[in-house]
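**Student:** Take a look at this one; I'll ask things after.
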Amino acid sequence: MRAVVMAGGEGTRLRPMTANQPKPLLPVANRPIMEHVLRLLKRHGFEETVVTVQFLASLVRTYFGDGDDLGMSLTYATEESPLGTAGSVRNAEPALRDGAFLVISGDALTDIDLDGLVQAHRKVGALVTVCLARVPNPLEFGIVIQNEDGRIQRFLEKPTWGQVFSDTVNTGIYVMEPEVFDHVEHGRAVDWSADVFPALLARGAPLYGHVAEGYWEDVGSLDSYVRANADVLHRRVDVEMQGFEMAPGIWVGDGVDLDPDAELTGPLCIGDYVKVEAGAKIRPLTVLGDNVIVKGGAVLERAVVHDNVFIGPQVGLRGCVIGKNTDVMRAARIEEGAVVGDECVVEEEAFLASGVKVYPFKTIEAGAVVHTSVIWESRGSSALFGPRGVSGLVNVEITPEFVVRLASAYATTLRKGSVVVTSRDGSRAAQALKRAVISALNASAVDVHDLEVAPLPVARFQTREGPAAGGVMLRTTPGDAQSVDIVFLDAQGADLSPAQQRALERVLSRQEFRRAFPGEIAERTFPSRTVETYAQELLRAVDMTGVAEAGLKIVLDTAGGAVSLVLPTLLGRLGIDVLTVNNRLSETAANETMVDQMRDLDRLGELVSSSRADFGVRFDQVGERLALVDELGHLVQDDRALLVVLDLVAAERRGGRIALPVTTTRVAEQVTGFHGTQILWVSTAPDDLTRAAAQPGVIFAGDGRGGLVIPEFSPALDGLAAFVRLLGLVARTRLTLSQIDARIPRAHLVRRSVPTPWAVKGAVMRTVMQAASSRHVDTTDGVRVVEDDGRWALVLPDPAEAVTHIWAEGAGAGEAAELLTSWVDVVQSTS
């Protein structure tokens, strides 16, 4: 059987190490990753191998040649342009038509039993057998779902935590029959997992999975690269080490000159012709490439040093990577997670802080203290976006310097000359950081329409109607006065989609920001009549029939937020009797605590009751969410407020669909069913609710946390639009809010969060799926298990924190609590 090694990847996430060499040639324990792969193939009898190459193909061909040095026969299939994983193998079809063949990535480190994989393939008579592995964090891989006999049922590429139903992932190793080429179009970019396999599944083709034991690491990031080197040194993976074992855990190559007074502590790996002088300390998990010189007094710990590097006296290297042909001069220090590219010079007493990246052919001047990369600093992208955008502590995690780089990355994803709408809440932190955003956008040839202080719904409206290419809103994190949220918008005024977030993160991690020429520097302008236009379009879109005649009296609390700038214009057009509270912009209002909010809500209730108003509304700081107080002065909790407004909308429309997150009580189904409407269940991701609200036939949406969507005006959360819509609904009904609330059945929905280490989240979800057994399972977001009697529980991993959330609902409080406890036990049994 022949093998195909895919070696065409660029390895963009591994830059600067892959800036001038292909990813398969990156050394792990002083051998290229692809050489470890080829030696594995040789051990399992695969001597005839086709190598697919594209990026810097000549370097791969030059290094491995015809494979004679490895005792193999290598031929090459060159792609003129990237063809994807399937397209690249299709390009090698002439050499693979004789029978079944094995496909393996040239940039993944593994010792998986390939013979066992081939035997499994032949045993079941599969068209394709996918080699599977279990990993702690499946987010970066393709999840595979199998039935009991191993036949594949579903592929899911790059899932979110809400889509993680297993920790079994696609390793990119396959055994295939040549007939598979009939399903791969020649000359086009085609991917196995994203394109070919789903199409084959749809046709009922025999695709099987084989869960392999052994080691497998996709070396796709800087962290995984360092981890792969450490795993080789710890002998967690069965690969052939270069040289000989001089002492337990200390491997050295030929011609090594180790001074007796040098201190070596294994495990470590030292290449050919390395010189280590007296007084040098080489500590555990260090790899030294060929021809490295380490001068006296230098200390290296967990450092990966490539070939031909000079390490000067008193140098300190800790947890970093040093590219080939680089000189690190006397007393320089390079810290954890830093990467220095090929052929650089780090001069005397320079200091590179954690996470700094230095691209090839650069010089760090003597005595320089570098906390950012040589051109631009990178912030790690593993969890850049959270549920509220990009969030962090002001001037600790979110600094003006970081904001400049973040905004520059956003601008780079847009065309030159694009327009971006900027806005903020009333806080000083948001004001200062927005200036950094505007500077970065203008410097990247992006014009800015600055709304200054504005509610988020108004910013979304201006972005959508501008029209603009996007928007940026800065606000104090609700409930945390020390933190700030940076919300990025797309051209429709919605939060960026996951794909757009990844595009921004890629630019940020690569630090490949666009800069404008002096003549291209853009400008900042201030749009006129934005609030007036917003109010006019809102009242035009929302049914206000009966409001003027109803004689409503409302108490409104703007909480000193941005809504106070819009409310006078809006109220002037409504013609209702309004008592306003805190209706002026305050710099300190964003600092309110939960205690402050509850105090103000109590006061709002007293005002509603004493003034005999129809209801009261309190807006959040940016006008996105609202809290309701009924005519009796009682706070309507957010989950009940959603049901009350839902009931009003459904009763009036008598048809259509209502979008709700899967965490909403199923009492909502009773309400909508009574009024002839349907529910469209969506995930808890904010952009998912927005996309659902934009679908035809959707008449209302809400998130159960005070956020409501009025689709006839905007598909995004909008507290002002929700207030105006509620006015019309109440004016046309003869019922009060308390009466509507009273007629809706009580919900018994409980929730608990269980601490769950990131490393076991995938295993937890696999355990949940197994525990669900034959019960009905809904995987819209997380895993929702429905009992025969209608009770249900939802298990959902948090996308930003090391916890798993569990919801349970039953006919009574006791039933719900009992069900919750049972699923908490399931989660805790794995975590």
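Letters A, B, ... mark the chains of the structure tokens in the order given; residue numbers begin at 1 per chain; ligand numbers begin at 1, in order shown.
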List every residue of segment 144-257 of chain A that has an atom at most 10 Å from any atom of segment 303-309 of chain A, and for each one report the closest atom pair and its distance in Å to one decimal, counting only C-alpha atoms, with rows sorted by chain and then by increasing residue number, as JSON lines.

**Tutor:**
```
{"residue": "A:Tyr225", "atom": "CA", "partner": "A:Val304", "partner_atom": "CA", "distance": 9.5}
{"residue": "A:Val226", "atom": "CA", "partner": "A:Val304", "partner_atom": "CA", "distance": 7.4}
{"residue": "A:Asn229", "atom": "CA", "partner": "A:Val304", "partner_atom": "CA", "distance": 7.8}
{"residue": "A:Ala230", "atom": "CA", "partner": "A:Val304", "partner_atom": "CA", "distance": 9.4}
```

**Student:** Please identify all polymer residues within 7 Å of Gly323 of chain A, counting only C-alpha atoms, omitting same-chain residues fewer than 2 positions from it, and present them as a list in words.

**Tutor:**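 Final neighbour list, sorted by chain and number: Met17, Val305, His306, Val321, Asn325, Thr326, Val340, Gly341 and Asp342 of chain A.
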
**Student:** Using the selection just defined, write its residues with all heavy atoms as a compact mmCIF listing (two decimals), in the first residue's frame.

**Tutor:**
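The resulting file, out-v2.txt, is reproduced below:
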```txt
# COMPACT_ATOMS: atom_id res chain seq x y z
N MET A 17 8.11 31.46 12.97
CA MET A 17 8.94 30.29 12.67
C MET A 17 8.74 29.81 11.24
O MET A 17 9.67 29.27 10.63
CB MET A 17 8.62 29.16 13.65
CG MET A 17 9.06 29.41 15.07
SD MET A 17 8.85 27.95 16.11
CE MET A 17 7.07 27.81 16.16
N VAL A 305 15.94 25.71 20.66
CA VAL A 305 16.92 26.49 19.92
C VAL A 305 17.24 25.75 18.62
O VAL A 305 17.67 24.59 18.66
CB VAL A 305 18.20 26.71 20.75
CG1 VAL A 305 19.22 27.53 19.97
CG2 VAL A 305 17.87 27.38 22.08
N HIS A 306 17.03 26.40 17.49
CA HIS A 306 17.26 25.76 16.20
C HIS A 306 18.75 25.80 15.83
O HIS A 306 19.59 26.26 16.61
CB HIS A 306 16.40 26.44 15.13
CG HIS A 306 14.93 26.23 15.34
ND1 HIS A 306 13.97 26.79 14.54
CD2 HIS A 306 14.24 25.51 16.27
CE1 HIS A 306 12.76 26.44 14.95
NE2 HIS A 306 12.90 25.66 16.01
N VAL A 321 11.44 30.17 21.88
CA VAL A 321 11.92 29.50 20.67
C VAL A 321 12.85 30.46 19.95
O VAL A 321 12.50 31.63 19.73
CB VAL A 321 10.75 29.10 19.76
CG1 VAL A 321 11.28 28.44 18.49
CG2 VAL A 321 9.79 28.17 20.48
N ASN A 325 20.31 30.34 12.80
CA ASN A 325 21.25 31.40 12.38
C ASN A 325 21.04 32.72 13.12
O ASN A 325 21.29 33.79 12.58
CB ASN A 325 21.17 31.65 10.87
CG ASN A 325 21.44 30.40 10.06
OD1 ASN A 325 22.37 29.65 10.36
ND2 ASN A 325 20.61 30.14 9.07
N THR A 326 20.58 32.63 14.35
CA THR A 326 20.34 33.82 15.16
C THR A 326 21.43 33.95 16.22
O THR A 326 21.91 32.95 16.75
CB THR A 326 18.95 33.74 15.82
OG1 THR A 326 17.95 33.94 14.82
CG2 THR A 326 18.77 34.79 16.90
N VAL A 340 11.80 34.17 18.48
CA VAL A 340 12.71 34.95 17.65
C VAL A 340 12.90 34.20 16.34
O VAL A 340 13.27 33.02 16.34
CB VAL A 340 14.06 35.17 18.37
CG1 VAL A 340 15.01 35.97 17.48
CG2 VAL A 340 13.86 35.86 19.71
N GLY A 341 12.62 34.85 15.23
CA GLY A 341 12.71 34.21 13.92
C GLY A 341 14.13 33.95 13.47
O GLY A 341 15.11 34.24 14.18
N ASP A 342 14.26 33.42 12.27
CA ASP A 342 15.56 33.06 11.72
C ASP A 342 16.41 34.30 11.43
O ASP A 342 15.89 35.36 11.05
CB ASP A 342 15.39 32.28 10.41
CG ASP A 342 14.70 30.95 10.61
OD1 ASP A 342 14.60 30.48 11.76
OD2 ASP A 342 14.26 30.37 9.60
```

**Student:** Could you please determine the separation between atom CA of Val394 of chain A and atom CA of Ala407 of chain A in Å, to one decimal place?

**Tutor:**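 Rounded to one decimal, the two atoms are 16.0 Å apart.
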
**Student:** Any idea what's packed within 10 Å of segment 62-66 of chain A, counting only C-alpha atoms, ignoring anything in its chain fewer than 5 positions away? Could you give it as a ChimeraX atom specification?

**Tutor:** /A:25,32,34-35,38,49,57,71-76

**Student:** Excluding segment 2-4 of chain A and any residue of its chain fewer than 6 positions from it, enumerate the residues within 10 Å of it, using only C-alpha atoms, and give them as a CSV table (one decimal) with N, CA, C and O atoms, in the first residue's frame.

**Tutor:**
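Below is the file that was written, selection.csv:
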```csv
chain,number,residue,atom,x,y,z
A,38,LEU,N,7.6,10.3,8.1
A,38,LEU,CA,8.2,9.4,7.2
A,38,LEU,C,8.8,8.2,7.9
A,38,LEU,O,8.7,7.0,7.4
A,41,LEU,N,6.0,5.9,8.8
A,41,LEU,CA,5.5,5.2,7.6
A,41,LEU,C,6.5,4.0,7.3
A,41,LEU,O,6.0,2.9,7.0
A,45,GLY,N,5.9,-0.2,7.1
A,45,GLY,CA,6.0,-0.9,5.8
A,45,GLY,C,5.6,0.0,4.6
A,45,GLY,O,5.5,-0.5,3.5
A,46,PHE,N,5.4,1.3,4.8
A,46,PHE,CA,5.0,2.2,3.7
A,46,PHE,C,6.3,2.7,3.1
A,46,PHE,O,6.8,3.7,3.6
A,47,GLU,N,6.8,2.1,2.0
A,47,GLU,CA,8.1,2.5,1.5
A,47,GLU,C,7.9,3.4,0.2
A,47,GLU,O,8.8,4.2,-0.1
A,48,GLU,N,6.8,3.3,-0.5
A,48,GLU,CA,6.5,4.1,-1.6
A,48,GLU,C,5.5,5.2,-1.2
A,48,GLU,O,4.4,4.9,-0.8
A,49,THR,N,6.0,6.4,-1.2
A,49,THR,CA,5.2,7.6,-0.7
A,49,THR,C,5.2,8.7,-1.7
A,49,THR,O,6.2,9.1,-2.3
A,50,VAL,N,4.0,9.3,-1.8
A,50,VAL,CA,3.8,10.5,-2.6
A,50,VAL,C,3.7,11.7,-1.7
A,50,VAL,O,2.9,11.7,-0.7
A,51,VAL,N,4.5,12.8,-1.9
A,51,VAL,CA,4.5,14.0,-1.1
A,51,VAL,C,3.8,15.1,-1.8
A,51,VAL,O,4.3,15.5,-2.9
A,52,THR,N,2.7,15.6,-1.3
A,52,THR,CA,2.1,16.8,-2.0
A,52,THR,C,2.7,18.1,-1.4
A,52,THR,O,2.8,18.2,-0.2
A,74,LEU,N,10.4,8.4,-2.6
A,74,LEU,CA,9.6,9.5,-2.5
A,74,LEU,C,9.4,10.1,-3.9
A,74,LEU,O,10.4,10.3,-4.6
A,75,THR,N,8.1,10.4,-4.2
A,75,THR,CA,7.8,11.2,-5.4
A,75,THR,C,7.0,12.4,-5.0
A,75,THR,O,6.4,12.4,-3.9
A,76,TYR,N,6.9,13.5,-5.8
A,76,TYR,CA,6.3,14.7,-5.4
A,76,TYR,C,5.2,15.1,-6.4
A,76,TYR,O,5.3,14.9,-7.6
A,77,ALA,N,4.1,15.6,-5.8
A,77,ALA,CA,3.0,16.2,-6.6
A,77,ALA,C,2.8,17.6,-6.2
A,77,ALA,O,2.5,17.9,-5.0
A,88,SER,N,-5.3,18.4,-3.0
A,88,SER,CA,-3.9,18.1,-3.1
A,88,SER,C,-3.7,16.6,-3.4
A,88,SER,O,-2.8,16.2,-4.2
A,89,VAL,N,-4.5,15.8,-2.7
A,89,VAL,CA,-4.4,14.3,-2.9
A,89,VAL,C,-4.9,14.0,-4.3
A,89,VAL,O,-4.3,13.1,-5.0
A,92,ALA,N,-2.4,14.1,-6.9
A,92,ALA,CA,-1.5,13.0,-7.0
A,92,ALA,C,-2.1,11.7,-7.4
A,92,ALA,O,-1.5,10.6,-7.3
A,95,ALA,N,-0.5,8.4,-9.3
A,95,ALA,CA,0.3,7.4,-8.6
A,95,ALA,C,-0.5,6.6,-7.6
A,95,ALA,O,0.1,5.7,-6.9
A,96,LEU,N,-1.8,6.8,-7.5
A,96,LEU,CA,-2.6,6.1,-6.4
A,96,LEU,C,-3.7,5.3,-7.0
A,96,LEU,O,-4.6,4.8,-6.2
A,98,ASP,N,-3.8,2.3,-8.2
A,98,ASP,CA,-3.6,0.8,-8.2
A,98,ASP,C,-4.3,0.1,-7.1
A,98,ASP,O,-4.6,-1.1,-7.1
A,99,GLY,N,-4.6,0.9,-6.0
A,99,GLY,CA,-5.3,0.2,-4.8
A,99,GLY,C,-5.5,1.2,-3.7
A,99,GLY,O,-5.2,2.4,-3.8
A,100,ALA,N,-5.9,0.6,-2.6
A,100,ALA,CA,-6.1,1.5,-1.4
A,100,ALA,C,-4.8,2.2,-1.0
A,100,ALA,O,-3.7,1.7,-1.3
A,101,PHE,N,-4.9,3.4,-0.4
A,101,PHE,CA,-3.7,4.2,0.0
A,101,PHE,C,-4.0,4.9,1.3
A,101,PHE,O,-5.2,5.1,1.7
A,102,LEU,N,-2.9,5.3,2.0
A,102,LEU,CA,-3.0,6.0,3.3
A,102,LEU,C,-2.7,7.4,3.1
A,102,LEU,O,-1.7,7.7,2.3
A,103,VAL,N,-3.4,8.3,3.7
A,103,VAL,CA,-3.2,9.8,3.7
A,103,VAL,C,-2.8,10.2,5.1
A,103,VAL,O,-3.5,9.9,6.0
A,104,ILE,N,-1.7,11.0,5.2
A,104,ILE,CA,-1.3,11.4,6.5
A,104,ILE,C,-0.7,12.8,6.3
A,104,ILE,O,-0.2,13.2,5.3
A,105,SER,N,-0.9,13.7,7.4
A,105,SER,CA,-0.4,15.0,7.4
A,105,SER,C,1.1,15.0,7.7
A,105,SER,O,1.6,14.3,8.5
A,106,GLY,N,1.8,15.9,7.0
A,106,GLY,CA,3.3,16.0,7.2
A,106,GLY,C,3.6,16.9,8.3
A,106,GLY,O,4.8,17.2,8.5
A,173,ILE,N,-5.7,11.6,9.2
A,173,ILE,CA,-5.1,10.4,8.7
A,173,ILE,C,-6.2,9.5,8.2
A,173,ILE,O,-7.2,9.2,8.9
A,174,TYR,N,-6.1,9.0,6.9
A,174,TYR,CA,-7.2,8.3,6.3
A,174,TYR,C,-6.6,7.1,5.5
A,174,TYR,O,-5.5,7.1,5.0
A,175,VAL,N,-7.4,6.0,5.4
A,175,VAL,CA,-7.2,5.0,4.4
A,175,VAL,C,-8.3,5.1,3.4
A,175,VAL,O,-9.5,5.1,3.8
```

**Student:** What does the distance between atom CA of Glu80 of chain A and atom CA of Val219 of chain A come to in Å, to one decimal place?

**Tutor:**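 Between atom CA of Glu80 of chain A and atom CA of Val219 of chain A the gap works out to 24.5 Å.
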
**Student:** List every residue of segment 542-766 of chain A that DSSP, applied to the backbone, labels as strand (DSSP E or B), and write the result as a PyMOL selection string.

**Tutor:** chain A and resi 553-557+577-581+615-619+625-629+635-636+657-661+678-682+698-702+707-709+749-755

**Student:** With a distance cut-off of 8 Å and only C-alpha atoms, select the neighbouring residues of Arg151 of chain A, excluding the residue or stretch itself and same-chain residues fewer than 4 positions from it, and output the selection as a VMD selection string.

**Tutor:** chain A and resid 146 to 147 206 to 209

**Student:** So, with only C-alpha atoms as the atoms that count, which of A:Val128, A:Val118, A:Val662, A:Ile311 lies closest to Ala332 of chain A?

**Tutor:**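 Nearest to Ala332 of chain A: A:Ile311.
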
**Student:** Segment 668-776 of chain A near segment 558-573 of chain A within 12 Å: what's each residue's closest atom pair and its distance in Å to one decimal, counting only C-alpha atoms, ordered by chain then ascending residue number, as CSV?

**Tutor:**
```
residue,atom,partner,partner_atom,distance
A:Asp718,CA,A:Val563,CA,11.1
A:Gly719,CA,A:Val563,CA,9.2
A:Leu720,CA,A:Val563,CA,8.0
A:Ala721,CA,A:Leu570,CA,10.5
A:Phe723,CA,A:Leu570,CA,10.9
A:Val724,CA,A:Leu570,CA,9.2
A:Leu727,CA,A:Leu571,CA,11.6
```

**Student:** If you run DSSP on the backbone here, which positions in segment 683-766 of chain A get alpha helix (DSSP H)? Please write them as a PyMOL selection string.

**Tutor:** chain A and resi 686-693+719-731+737-743+761-766

**Student:** Can you pull out every residue within 9 Å of Pro457 of chain A, counting only C-alpha atoms, but drop anything in the same chain fewer than 2 positions away, and send it as a PyMOL selection string?

**Tutor:** chain A and resi 454-455+459-462+493+622-624+714+716-721

**Student:** Take the residues that were just selected and, keeping N, CA and C atoms, output them as a PDB file, in the first residue's frame.

**Tutor:**
```pdb
ATOM      1  N   ALA A 454     -23.515  57.480  22.476  1.00  0.00           N
ATOM      2  CA  ALA A 454     -24.769  57.079  21.833  1.00  0.00           C
ATOM      3  C   ALA A 454     -25.169  55.705  22.338  1.00  0.00           C
ATOM      4  N   PRO A 455     -26.469  55.429  22.416  1.00  0.00           N
ATOM      5  CA  PRO A 455     -26.906  54.067  22.756  1.00  0.00           C
ATOM      6  C   PRO A 455     -26.428  53.085  21.685  1.00  0.00           C
ATOM      7  N   ALA A 459     -26.147  53.181  17.437  1.00  0.00           N
ATOM      8  CA  ALA A 459     -24.921  52.892  16.694  1.00  0.00           C
ATOM      9  C   ALA A 459     -25.151  51.790  15.669  1.00  0.00           C
ATOM     10  N   ARG A 460     -25.896  50.766  16.057  1.00  0.00           N
ATOM     11  CA  ARG A 460     -26.210  49.693  15.106  1.00  0.00           C
ATOM     12  C   ARG A 460     -27.037  50.246  13.941  1.00  0.00           C
ATOM     13  N   PHE A 461     -28.015  51.095  14.254  1.00  0.00           N
ATOM     14  CA  PHE A 461     -28.866  51.690  13.222  1.00  0.00           C
ATOM     15  C   PHE A 461     -28.036  52.529  12.256  1.00  0.00           C
ATOM     16  N   GLN A 462     -27.161  53.375  12.776  1.00  0.00           N
ATOM     17  CA  GLN A 462     -26.345  54.233  11.926  1.00  0.00           C
ATOM     18  C   GLN A 462     -25.394  53.402  11.058  1.00  0.00           C
ATOM     19  N   GLY A 493     -24.783  46.123  11.259  1.00  0.00           N
ATOM     20  CA  GLY A 493     -24.937  46.590  12.628  1.00  0.00           C
ATOM     21  C   GLY A 493     -25.024  45.474  13.643  1.00  0.00           C
ATOM     22  N   VAL A 622     -26.363  51.377  27.888  1.00  0.00           N
ATOM     23  CA  VAL A 622     -26.248  51.620  26.450  1.00  0.00           C
ATOM     24  C   VAL A 622     -27.561  51.394  25.714  1.00  0.00           C
ATOM     25  N   GLY A 623     -28.667  51.272  26.454  1.00  0.00           N
ATOM     26  CA  GLY A 623     -29.982  51.193  25.820  1.00  0.00           C
ATOM     27  C   GLY A 623     -30.258  49.899  25.091  1.00  0.00           C
ATOM     28  N   GLU A 624     -29.515  48.841  25.431  1.00  0.00           N
ATOM     29  CA  GLU A 624     -29.710  47.572  24.742  1.00  0.00           C
ATOM     30  C   GLU A 624     -30.740  46.695  25.443  1.00  0.00           C
ATOM     31  N   SER A 714     -35.335  46.185  13.628  1.00  0.00           N
ATOM     32  CA  SER A 714     -33.932  45.777  13.667  1.00  0.00           C
ATOM     33  C   SER A 714     -33.831  44.338  14.154  1.00  0.00           C
ATOM     34  N   ALA A 716     -31.390  43.177  15.860  1.00  0.00           N
ATOM     35  CA  ALA A 716     -30.513  43.152  17.031  1.00  0.00           C
ATOM     36  C   ALA A 716     -31.284  43.589  18.280  1.00  0.00           C
ATOM     37  N   LEU A 717     -30.715  43.294  19.452  1.00  0.00           N
ATOM     38  CA  LEU A 717     -31.318  43.733  20.706  1.00  0.00           C
ATOM     39  C   LEU A 717     -31.441  45.255  20.717  1.00  0.00           C
ATOM     40  N   ASP A 718     -32.590  45.758  21.127  1.00  0.00           N
ATOM     41  CA  ASP A 718     -32.823  47.201  21.111  1.00  0.00           C
ATOM     42  C   ASP A 718     -33.834  47.528  22.213  1.00  0.00           C
ATOM     43  N   GLY A 719     -33.343  48.100  23.328  1.00  0.00           N
ATOM     44  CA  GLY A 719     -34.225  48.440  24.430  1.00  0.00           C
ATOM     45  C   GLY A 719     -35.212  49.538  24.089  1.00  0.00           C
ATOM     46  N   LEU A 720     -34.792  50.520  23.304  1.00  0.00           N
ATOM     47  CA  LEU A 720     -35.683  51.610  22.920  1.00  0.00           C
ATOM     48  C   LEU A 720     -36.806  51.110  22.022  1.00  0.00           C
ATOM     49  N   ALA A 721     -36.453  50.275  21.033  1.00  0.00           N
ATOM     50  CA  ALA A 721     -37.478  49.721  20.145  1.00  0.00           C
ATOM     51  C   ALA A 721     -38.434  48.829  20.925  1.00  0.00           C
TER      52      ALA A 721
END
```
